[in-house]
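Here is the structure we will look at, set down as structure tokens.
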Amino acid sequence: MDRDALKSLQTPLKQLYQARPETAIAEIRATGIVDFKGVTCRVPILANDGIEIIAGLHPMAGGDGTAACSGDLLLQALATCAGTTMAAVATAMGLEIRDANIEAIGTMDFRGTLGVDRTVPVGFTSIALRFHIDSDVPAAQLDKLIQLTERYCVVLQTLQHAVPVSAIRVT
């Protein structure tokens with residue numbers, strides 16, 4: 001997609017959301033289907049023709065490594081969101097990028113997850129994004145690209161701002 005095509009797609013949306021802010025609010029859902037025998041959970045992804053992601057325990061928590069763990073999925077969501085955002089921002093800026101990849105690297109201590117030590121946090125204690133960009137674009141513009149990617153990446157901003165999450169049982 002080129003700059004003009006992206007602009008033609010986004011401009012009417014931006015105008016609508018500015019004129020009628022309530023139209024910019026959307027609920028996005030994912031439904032996990034639990035498999036108690038396999039100790040896994042699958043999530044159909046309708047945008048990918050219903051292909052399912054199957055998640056299970058990480059090998060360091062007793063899994064066999066055949067299913068993605070939730071930590072993998074979180075990092076993959078971060079990497080794909082940052083990558084999509086980077087592509088849109090680079091297109092909007094008119095930057096020529098030959099190739100790029102983004103590594104999302106998380107660190108966690110499985111003693112927390114397994115309840116071995118209650119003083120150890122459950123989950124990631126740090127996450128880093130590494131941007132590998134192959135381009136002749138000046139460094140200052142690449143820095144701006146990364147800055148704007150960080151600013152507009154939904155998953156990154158959600159992680160950084162720790163939005164309220166509720167967990168309720170529905171009958």
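Residue numbers start at 1 in each chain; chains themselves are named A, B, ... in the order of the structure tokens; ligands are numbered from 1 in the order shown.
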
Strand (DSSP E) residues, from DSSP on the backbone, in region 10-71 of chain A, as a compact mmCIF listing (two decimals) with C-alpha atoms, in the first residue's frame:
```txt
# COMPACT_ATOMS: atom_id res chain seq x y z
CA ILE A 33 -12.25 -22.63 24.47
CA VAL A 34 -10.73 -24.63 27.32
CA ASP A 35 -9.55 -28.23 26.89
CA THR A 40 -4.78 -26.15 26.60
CA CYS A 41 -7.04 -23.38 25.37
CA ARG A 42 -7.84 -22.61 21.75
CA VAL A 43 -8.87 -19.29 20.27
CA PRO A 44 -10.41 -19.16 16.80
CA ILE A 45 -9.18 -16.19 14.79
CA ILE A 51 -7.69 -20.88 12.11
CA GLU A 52 -7.15 -21.50 15.79
CA ILE A 53 -4.32 -20.63 18.09
CA ILE A 54 -3.73 -23.40 20.60
CA ALA A 55 -2.09 -22.32 23.82
CA GLY A 56 -0.79 -24.49 26.62
```

List every residue of chain A that DSSP, applied to the backbone of this structure, assigns to helix (DSSP H, G or I), and report them as a PyMOL selection string. chain A and resi 3-19+21-24+46-48+59-61+70-93+110-113+139-152+154-161

Show which residues sit within 12 Å of Gly94 (chain A), as a PDB file with N, CA and C atoms, in the first residue's frame. Count only C-alpha atoms, and ignore same-chain residues fewer than 6 positions away.
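Contents of around-v1.pdb, as written:
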```pdb
ATOM      1  N   MET A   1       0.841  -1.168   0.000  1.00  0.00           N
ATOM      2  CA  MET A   1       0.000   0.000   0.000  1.00  0.00           C
ATOM      3  C   MET A   1       0.893   1.241   0.000  1.00  0.00           C
ATOM      4  N   ASP A   2       0.503   2.234  -0.758  1.00  0.00           N
ATOM      5  CA  ASP A   2       1.288   3.462  -0.770  1.00  0.00           C
ATOM      6  C   ASP A   2       0.631   4.518   0.128  1.00  0.00           C
ATOM      7  N   ARG A   3       1.331   5.622   0.261  1.00  0.00           N
ATOM      8  CA  ARG A   3       0.909   6.707   1.145  1.00  0.00           C
ATOM      9  C   ARG A   3      -0.495   7.222   0.802  1.00  0.00           C
ATOM     10  N   ASP A   4      -0.762   7.434  -0.477  1.00  0.00           N
ATOM     11  CA  ASP A   4      -2.068   7.963  -0.893  1.00  0.00           C
ATOM     12  C   ASP A   4      -3.197   6.974  -0.617  1.00  0.00           C
ATOM     13  N   ALA A   5      -2.945   5.689  -0.855  1.00  0.00           N
ATOM     14  CA  ALA A   5      -3.973   4.674  -0.600  1.00  0.00           C
ATOM     15  C   ALA A   5      -4.298   4.598   0.892  1.00  0.00           C
ATOM     16  N   LEU A   6      -3.264   4.631   1.729  1.00  0.00           N
ATOM     17  CA  LEU A   6      -3.491   4.606   3.170  1.00  0.00           C
ATOM     18  C   LEU A   6      -4.270   5.840   3.612  1.00  0.00           C
ATOM     19  N   LYS A   7      -3.875   6.980   3.100  1.00  0.00           N
ATOM     20  CA  LYS A   7      -4.560   8.230   3.455  1.00  0.00           C
ATOM     21  C   LYS A   7      -6.025   8.190   3.027  1.00  0.00           C
ATOM     22  N   MET A  86       4.253   0.084  12.650  1.00  0.00           N
ATOM     23  CA  MET A  86       5.425   0.608  11.961  1.00  0.00           C
ATOM     24  C   MET A  86       5.178   0.704  10.460  1.00  0.00           C
ATOM     25  N   ALA A  87       4.560  -0.308   9.883  1.00  0.00           N
ATOM     26  CA  ALA A  87       4.281  -0.289   8.446  1.00  0.00           C
ATOM     27  C   ALA A  87       3.363   0.875   8.089  1.00  0.00           C
ATOM     28  N   ALA A  88       2.326   1.095   8.903  1.00  0.00           N
ATOM     29  CA  ALA A  88       1.397   2.196   8.634  1.00  0.00           C
ATOM     30  C   ALA A  88       2.085   3.549   8.797  1.00  0.00           C
ATOM     31  N   VAL A 137      17.136   5.351   4.874  1.00  0.00           N
ATOM     32  CA  VAL A 137      16.528   6.517   5.518  1.00  0.00           C
ATOM     33  C   VAL A 137      17.473   7.015   6.613  1.00  0.00           C
ATOM     34  N   GLN A 141      15.182  10.046  11.011  1.00  0.00           N
ATOM     35  CA  GLN A 141      13.844   9.662  10.566  1.00  0.00           C
ATOM     36  C   GLN A 141      13.471   8.271  11.076  1.00  0.00           C
ATOM     37  N   LEU A 142      14.458   7.367  11.145  1.00  0.00           N
ATOM     38  CA  LEU A 142      14.185   6.035  11.692  1.00  0.00           C
ATOM     39  C   LEU A 142      13.851   6.138  13.182  1.00  0.00           C
ATOM     40  N   LEU A 145      10.381   7.261  13.343  1.00  0.00           N
ATOM     41  CA  LEU A 145       9.514   6.131  13.000  1.00  0.00           C
ATOM     42  C   LEU A 145       9.283   5.242  14.221  1.00  0.00           C
TER      43      LEU A 145
END
```

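Distances from A:Gly62, A:Ala140, A:Leu46, A:Leu74 to Leu159 (chain A) were compared using only C-alpha atoms, and the smallest one belongs to A:Leu74.
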
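Computed from the coordinates, the CA of Thr119 (chain A) to CA of Gly71 (chain A) distance equals 19.9 Å.
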
From the set A:Leu73, A:Ala79, A:Ala30, A:Leu57, which residue has the shortest atom-to-atom contact distance to Thr149 (chain A), counting only C-alpha atoms?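 Using only C-alpha atoms, Thr149 (chain A) sits closest to A:Ala79.
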
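In terms of minimum interatomic distance to Ala61 (chain A), A:Val116 ranks closest within A:Ala104, A:Val170, A:Val116, A:Leu156, counting only C-alpha atoms.
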
Taking only C-alpha atoms into account, which of A:Arg20, A:Arg130, A:His161, A:His58 comes nearest Ala82 (chain A)?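 Selected residue with least distance to Ala82 (chain A): A:Arg130.
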
What gap, in Å, lies between CA of Ile102 (chain A) and CA of Thr80 (chain A)?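 Going from CA of Ile102 (chain A) over to CA of Thr80 (chain A) covers 8.2 Å.
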